[in-house]
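Shown next: model35.txt, containing compact mmCIF, C-alpha atoms.
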```txt
# COMPACT_ATOMS: atom_id res chain seq x y z
CA MET A 1 35.22 17.68 -10.76
CA THR A 2 34.76 14.88 -13.26
CA GLN A 3 37.21 13.51 -15.82
CA TYR A 4 35.74 10.62 -17.77
CA THR A 5 38.65 8.48 -18.93
CA ILE A 6 39.29 5.24 -20.77
CA VAL A 7 42.02 2.98 -19.42
CA THR A 8 43.37 0.21 -21.66
CA ASP A 9 45.26 -2.80 -20.34
CA LEU A 10 47.72 -3.33 -23.20
CA ASN A 11 48.76 -6.71 -21.83
CA ARG A 12 45.22 -7.88 -22.63
CA CYS A 13 44.63 -6.15 -26.00
CA VAL A 14 44.81 -8.71 -28.83
CA SER A 15 43.94 -6.35 -31.72
CA CYS A 16 40.61 -8.06 -32.36
CA LEU A 17 39.32 -4.67 -33.68
CA ASN A 18 35.94 -5.14 -31.93
CA CYS A 19 36.27 -1.63 -30.48
CA MET A 20 36.70 -0.11 -33.94
CA VAL A 21 33.70 -1.95 -35.38
CA ALA A 22 31.45 -1.22 -32.38
CA CYS A 23 32.42 2.46 -32.48
CA LYS A 24 31.58 2.82 -36.16
CA GLU A 25 28.22 1.11 -35.65
CA ALA A 26 27.25 3.05 -32.52
CA ASN A 27 28.23 6.45 -33.92
CA ASP A 28 27.56 6.02 -37.64
CA VAL A 29 31.17 6.81 -38.53
CA PRO A 30 31.60 7.24 -42.32
CA ILE A 31 33.42 4.59 -44.35
CA GLY A 32 37.11 5.42 -44.53
CA ASN A 33 37.11 7.35 -41.24
CA PHE A 34 37.71 6.11 -37.70
CA TRP A 35 37.18 7.42 -34.18
CA ILE A 36 39.61 4.83 -32.85
CA LYS A 37 42.59 3.12 -34.47
CA ILE A 38 44.70 0.20 -33.26
CA LEU A 39 48.44 0.70 -33.77
CA ARG A 40 51.05 -2.04 -33.54
CA VAL A 41 54.09 -1.04 -31.51
CA GLY A 42 57.08 -3.22 -32.33
CA PRO A 43 58.45 -5.75 -32.53
CA ASN A 44 61.26 -4.08 -30.60
CA PRO A 45 64.30 -5.65 -28.90
CA LYS A 46 63.76 -6.44 -25.21
CA PHE A 47 67.24 -5.13 -24.45
CA GLU A 48 70.00 -3.31 -26.34
CA GLY A 49 71.43 -5.45 -29.11
CA ALA A 50 68.73 -8.13 -28.79
CA GLU A 51 67.54 -10.00 -31.85
CA TYR A 52 64.67 -12.38 -32.56
CA PRO A 53 63.27 -14.13 -30.55
CA ASP A 54 64.18 -11.62 -27.80
CA VAL A 55 61.68 -9.05 -29.08
CA GLU A 56 58.33 -7.76 -27.86
CA MET A 57 55.31 -5.90 -29.22
CA TYR A 58 51.88 -4.68 -28.17
CA TYR A 59 48.79 -3.06 -29.66
CA LEU A 60 47.92 0.53 -28.84
CA PRO A 61 44.34 1.86 -29.30
CA VAL A 62 44.41 5.58 -30.09
CA SER A 63 41.43 7.94 -30.17
CA CYS A 64 40.61 11.44 -28.94
CA GLN A 65 42.41 11.92 -25.62
CA HIS A 66 39.81 14.34 -24.21
CA CYS A 67 42.65 16.46 -22.89
CA LYS A 68 42.50 18.52 -19.73
CA ASN A 69 44.01 21.47 -21.65
CA PRO A 70 42.78 20.82 -25.21
CA SER A 71 44.52 22.73 -27.98
CA CYS A 72 41.57 22.00 -30.27
CA VAL A 73 39.31 24.09 -28.05
CA GLU A 74 41.81 26.96 -27.92
CA VAL A 75 41.96 27.38 -31.70
CA CYS A 76 38.27 26.88 -32.50
CA PRO A 77 36.95 30.25 -33.77
CA THR A 78 33.26 29.50 -33.16
CA GLY A 79 33.26 27.61 -29.87
CA ALA A 80 32.11 24.43 -31.62
CA SER A 81 34.86 22.42 -29.91
CA HIS A 82 34.25 22.72 -26.19
CA LYS A 83 34.96 20.99 -22.90
CA THR A 84 31.92 19.63 -21.03
CA GLU A 85 31.17 19.19 -17.33
CA ASN A 86 32.29 15.55 -17.43
CA GLY A 87 35.73 16.40 -18.82
CA THR A 88 35.07 15.23 -22.38
CA ILE A 89 35.64 17.34 -25.48
CA GLN A 90 32.64 17.61 -27.79
CA VAL A 91 31.95 19.25 -31.15
CA ASP A 92 28.75 21.24 -31.62
CA LYS A 93 27.98 20.55 -35.28
CA ASP A 94 25.60 23.51 -35.44
CA LYS A 95 28.54 25.82 -34.71
CA CYS A 96 31.27 24.00 -36.64
CA ILE A 97 32.19 25.70 -39.94
CA GLY A 98 34.62 23.00 -41.09
CA CYS A 99 37.70 25.25 -40.95
CA GLN A 100 39.76 22.33 -39.58
CA PHE A 101 41.88 24.51 -37.28
CA CYS A 102 41.22 21.91 -34.58
CA VAL A 103 42.34 19.10 -36.89
CA MET A 104 45.68 20.83 -37.38
CA ALA A 105 46.02 21.66 -33.66
CA CYS A 106 45.39 18.12 -32.39
CA PRO A 107 48.76 16.49 -31.61
CA TYR A 108 47.29 12.99 -31.95
CA GLY A 109 45.75 13.22 -35.43
CA VAL A 110 42.39 11.88 -34.32
CA ARG A 111 40.05 14.43 -35.93
CA TYR A 112 38.80 14.52 -39.52
CA LEU A 113 36.43 16.52 -41.72
CA ASN A 114 33.14 14.83 -42.54
CA LYS A 115 33.02 16.13 -46.12
CA GLU A 116 29.38 15.23 -46.61
CA GLN A 117 28.25 17.26 -43.59
CA GLY A 118 31.04 19.86 -43.69
CA VAL A 119 31.86 19.42 -39.99
CA VAL A 120 34.70 17.95 -37.95
CA GLU A 121 34.14 14.66 -36.10
CA LYS A 122 36.01 12.56 -33.55
CA CYS A 123 35.46 10.25 -30.57
CA THR A 124 32.80 11.60 -28.19
CA ARG A 125 33.31 8.92 -25.50
CA CYS A 126 29.83 7.78 -26.65
CA TYR A 127 28.34 10.87 -25.02
CA GLN A 128 24.83 9.69 -25.88
CA LYS A 129 25.44 6.52 -23.85
CA THR A 130 27.54 7.73 -20.94
CA GLN A 131 25.07 10.53 -20.14
CA GLU A 132 22.54 7.75 -19.48
CA GLY A 133 24.91 5.78 -17.25
CA GLU A 134 25.97 3.32 -19.95
CA LEU A 135 29.49 2.41 -21.00
CA PRO A 136 31.08 3.46 -24.32
CA ALA A 137 30.61 0.98 -27.15
CA CYS A 138 34.35 0.29 -27.40
CA VAL A 139 34.47 -0.73 -23.73
CA VAL A 140 31.43 -3.02 -23.80
CA SER A 141 32.57 -4.78 -26.97
CA CYS A 142 36.25 -5.28 -26.08
CA GLY A 143 37.09 -8.88 -27.00
CA GLY A 144 40.10 -9.01 -24.69
CA ARG A 145 38.29 -7.23 -21.85
CA ALA A 146 41.10 -4.72 -21.91
CA ARG A 147 39.18 -1.42 -21.91
CA TRP A 148 37.75 0.32 -18.84
CA PHE A 149 35.71 3.47 -18.37
CA GLY A 150 35.35 5.70 -15.31
CA ASP A 151 36.03 8.99 -13.58
CA MET A 152 39.76 9.45 -13.09
CA ASP A 153 39.09 11.92 -10.29
CA LYS A 154 37.41 9.11 -8.30
CA GLY A 155 40.31 6.67 -8.68
CA TRP A 156 40.74 3.17 -10.09
CA ASP A 157 37.78 1.74 -8.15
CA ASP A 158 35.40 3.70 -10.38
CA PHE A 159 36.47 2.00 -13.62
CA ARG A 160 34.13 -0.56 -15.15
CA GLY A 161 34.56 -2.85 -18.13
CA SER A 162 32.60 -5.43 -20.10
CA LEU A 163 30.03 -7.65 -18.39
CA ASP A 164 30.82 -10.79 -16.41
CA ALA A 165 28.87 -14.07 -16.54
CA ASN A 166 26.21 -12.56 -14.27
CA GLY A 167 25.69 -9.52 -16.47
CA GLU A 168 27.53 -7.16 -14.11
CA PRO A 169 30.36 -4.86 -15.23
CA LEU A 170 33.81 -6.06 -14.26
CA ARG A 171 35.92 -3.75 -12.10
CA LEU A 172 39.46 -2.70 -12.92
CA THR A 173 40.45 -3.35 -9.30
CA ASP A 174 39.09 -6.93 -9.27
CA GLU A 175 42.33 -8.85 -8.68
CA ASP A 176 40.55 -12.18 -9.20
CA TYR A 177 40.36 -11.17 -12.86
CA ILE A 178 42.80 -8.32 -13.48
CA LYS A 179 46.51 -8.72 -12.77
CA PRO A 180 47.70 -6.09 -10.27
CA PHE A 181 49.55 -3.05 -11.60
CA THR A 182 51.56 -0.21 -10.11
CA ASP A 183 51.79 3.47 -10.97
CA ALA A 184 54.98 2.66 -12.89
CA ASP A 185 52.90 0.46 -15.22
CA VAL A 186 50.52 3.31 -16.13
CA HIS A 187 51.36 5.51 -19.12
CA SER A 188 49.83 8.19 -21.35
CA LEU A 189 50.49 9.42 -24.87
CA PRO A 190 53.16 12.15 -25.23
CA ASP A 191 52.10 15.35 -23.50
CA SER A 192 52.72 18.59 -25.39
CA GLY A 193 51.05 20.65 -22.69
CA ASN A 194 47.54 19.45 -23.49
CA HIS A 195 47.49 16.79 -20.72
CA PRO A 196 45.84 13.77 -22.40
CA SER A 197 43.40 11.94 -20.13
CA ASP A 198 43.54 8.36 -21.50
CA ARG A 199 45.73 5.91 -19.62
CA PHE A 200 47.46 2.71 -20.74
CA ILE A 201 48.57 -0.13 -18.48
CA LEU A 202 51.66 -2.00 -19.68
CA ARG A 203 53.44 -4.49 -17.42
CA ASN A 204 56.90 -6.01 -17.93
CA ARG A 205 57.42 -4.38 -21.32
CA VAL A 206 59.08 -1.21 -22.53
CA TRP A 207 56.74 1.73 -23.20
CA ARG A 208 57.96 3.39 -26.40
```

Once you've parsed the file, please lay out its structure as structure tokens.
Amino acid sequence: MTQYTIVTDLNRCVSCLNCMVACKEANDVPIGNFWIKILRVGPNPKFEGAEYPDVEMYYLPVSCQHCKNPSCVEVCPTGASHKTENGTIQVDKDKCIGCQFCVMACPYGVRYLNKEQGVVEKCTRCYQKTQEGELPACVVSCGGRARWFGDMDKGWDDFRGSLDANGEPLRLTDEDYIKPFTDADVHSLPDSGNHPSDRFILRNRVWR
């Protein structure tokens, strides 16, 4: 099986917003709508009762989680929202009737109605690029080199990021560049039974 996933190293994300801009350009996302948003988490106390300067914060990119058990697919009355062979969730605009059942069912609030076209849109993992062996626009453009794309079913060695000085994609497992992490450092968004596929690496901070 295949489960295309994006992993974000939150210790490297600086909220430069390059991913948001690149996504809008690559996918012609309407003004006022976003396929990816950057949330600020914190500042929160490092320990109970702590006050400034003993606080911490990080930036959290949120987009469609391309869930293994997507509630948006379950409620779609026309089959427009569907799971593909690479594990991503896509919307067939020819079948979408704009009912927005999927928008209401999504626990992450990452879908919206394109009012001009009358169809629902969201992150596609740059399907038009990844099907040709390219990386998603948000991964290639990441200013902090924090985003990685690969097949979760193949393990961490499969994840590639932005290009190095020689024009080759960096690898998530390259310890000359990426600080090592453990399973305890890897998190996901809250799971309501839909099993989100995105992963977030956060070292030496509290995941909230």

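Separating CA of Gly87 in chain A from CA of Thr5 in chain A is a distance of 8.4 Å.
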
Residues within 9 Å of (41.0, 22.9, -19.1), file coordinates, counting all atoms listed in the file: what are they? Give the list as a ChimeraX atom specification.
/A:67-70,83,87,194

Report as CSV: every residue of range 129-177 of chain A with an atom at most 8 Å from range 11-27 of chain A, its closest pair of atoms, and their distance in Å to one decimal, counting all atoms listed in the file, with rows sorted by chain and ascending residue number.
```
residue,atom,partner,partner_atom,distance
A:Ala137,CA,A:Ala22,CA,5.7
A:Cys138,CA,A:Cys19,CA,4.1
A:Val139,CA,A:Cys19,CA,7.0
A:Ser141,CA,A:Cys19,CA,6.0
A:Cys142,CA,A:Cys19,CA,5.7
A:Gly143,CA,A:Asn18,CA,6.3
A:Gly144,CA,A:Cys13,CA,5.5
A:Arg145,CA,A:Arg12,CA,7.0
A:Ala146,CA,A:Arg12,CA,5.2
```

For the residues selected in the previous step, produce a file with C-alpha atoms as a PDB file, keeping the file's coordinate frame.
```pdb
ATOM      1  CA  ALA A 137      30.610   0.980 -27.150  1.00  0.00           C
ATOM      2  CA  CYS A 138      34.350   0.290 -27.400  1.00  0.00           C
ATOM      3  CA  VAL A 139      34.470  -0.730 -23.730  1.00  0.00           C
ATOM      4  CA  SER A 141      32.570  -4.780 -26.970  1.00  0.00           C
ATOM      5  CA  CYS A 142      36.250  -5.280 -26.080  1.00  0.00           C
ATOM      6  CA  GLY A 143      37.090  -8.880 -27.000  1.00  0.00           C
ATOM      7  CA  GLY A 144      40.100  -9.010 -24.690  1.00  0.00           C
ATOM      8  CA  ARG A 145      38.290  -7.230 -21.850  1.00  0.00           C
ATOM      9  CA  ALA A 146      41.100  -4.720 -21.910  1.00  0.00           C
TER      10      ALA A 146
END
```

- Message: When you look at Cys102 in chain A with a cut-off of 8 Å (counting all atoms listed in the file), what residues show up, excluding the ones that are within fewer than 5 positions of it in the same chain? I need them as a ChimeraX atom specification.
- Response: /A:71-73,75-76,81,111

Excluding range 88-91 of chain A and any residue of its chain fewer than 5 positions from it, enumerate the residues within 7 Å of it, using only C-alpha atoms, and give them as a PDB file with C-alpha atoms, in the frame of the given file.
```pdb
ATOM      1  CA  TYR A   4      35.740  10.620 -17.770  1.00  0.00           C
ATOM      2  CA  HIS A  66      39.810  14.340 -24.210  1.00  0.00           C
ATOM      3  CA  ALA A  80      32.110  24.430 -31.620  1.00  0.00           C
ATOM      4  CA  SER A  81      34.860  22.420 -29.910  1.00  0.00           C
ATOM      5  CA  HIS A  82      34.250  22.720 -26.190  1.00  0.00           C
ATOM      6  CA  LYS A  83      34.960  20.990 -22.900  1.00  0.00           C
ATOM      7  CA  THR A 124      32.800  11.600 -28.190  1.00  0.00           C
TER       8      THR A 124
END
```
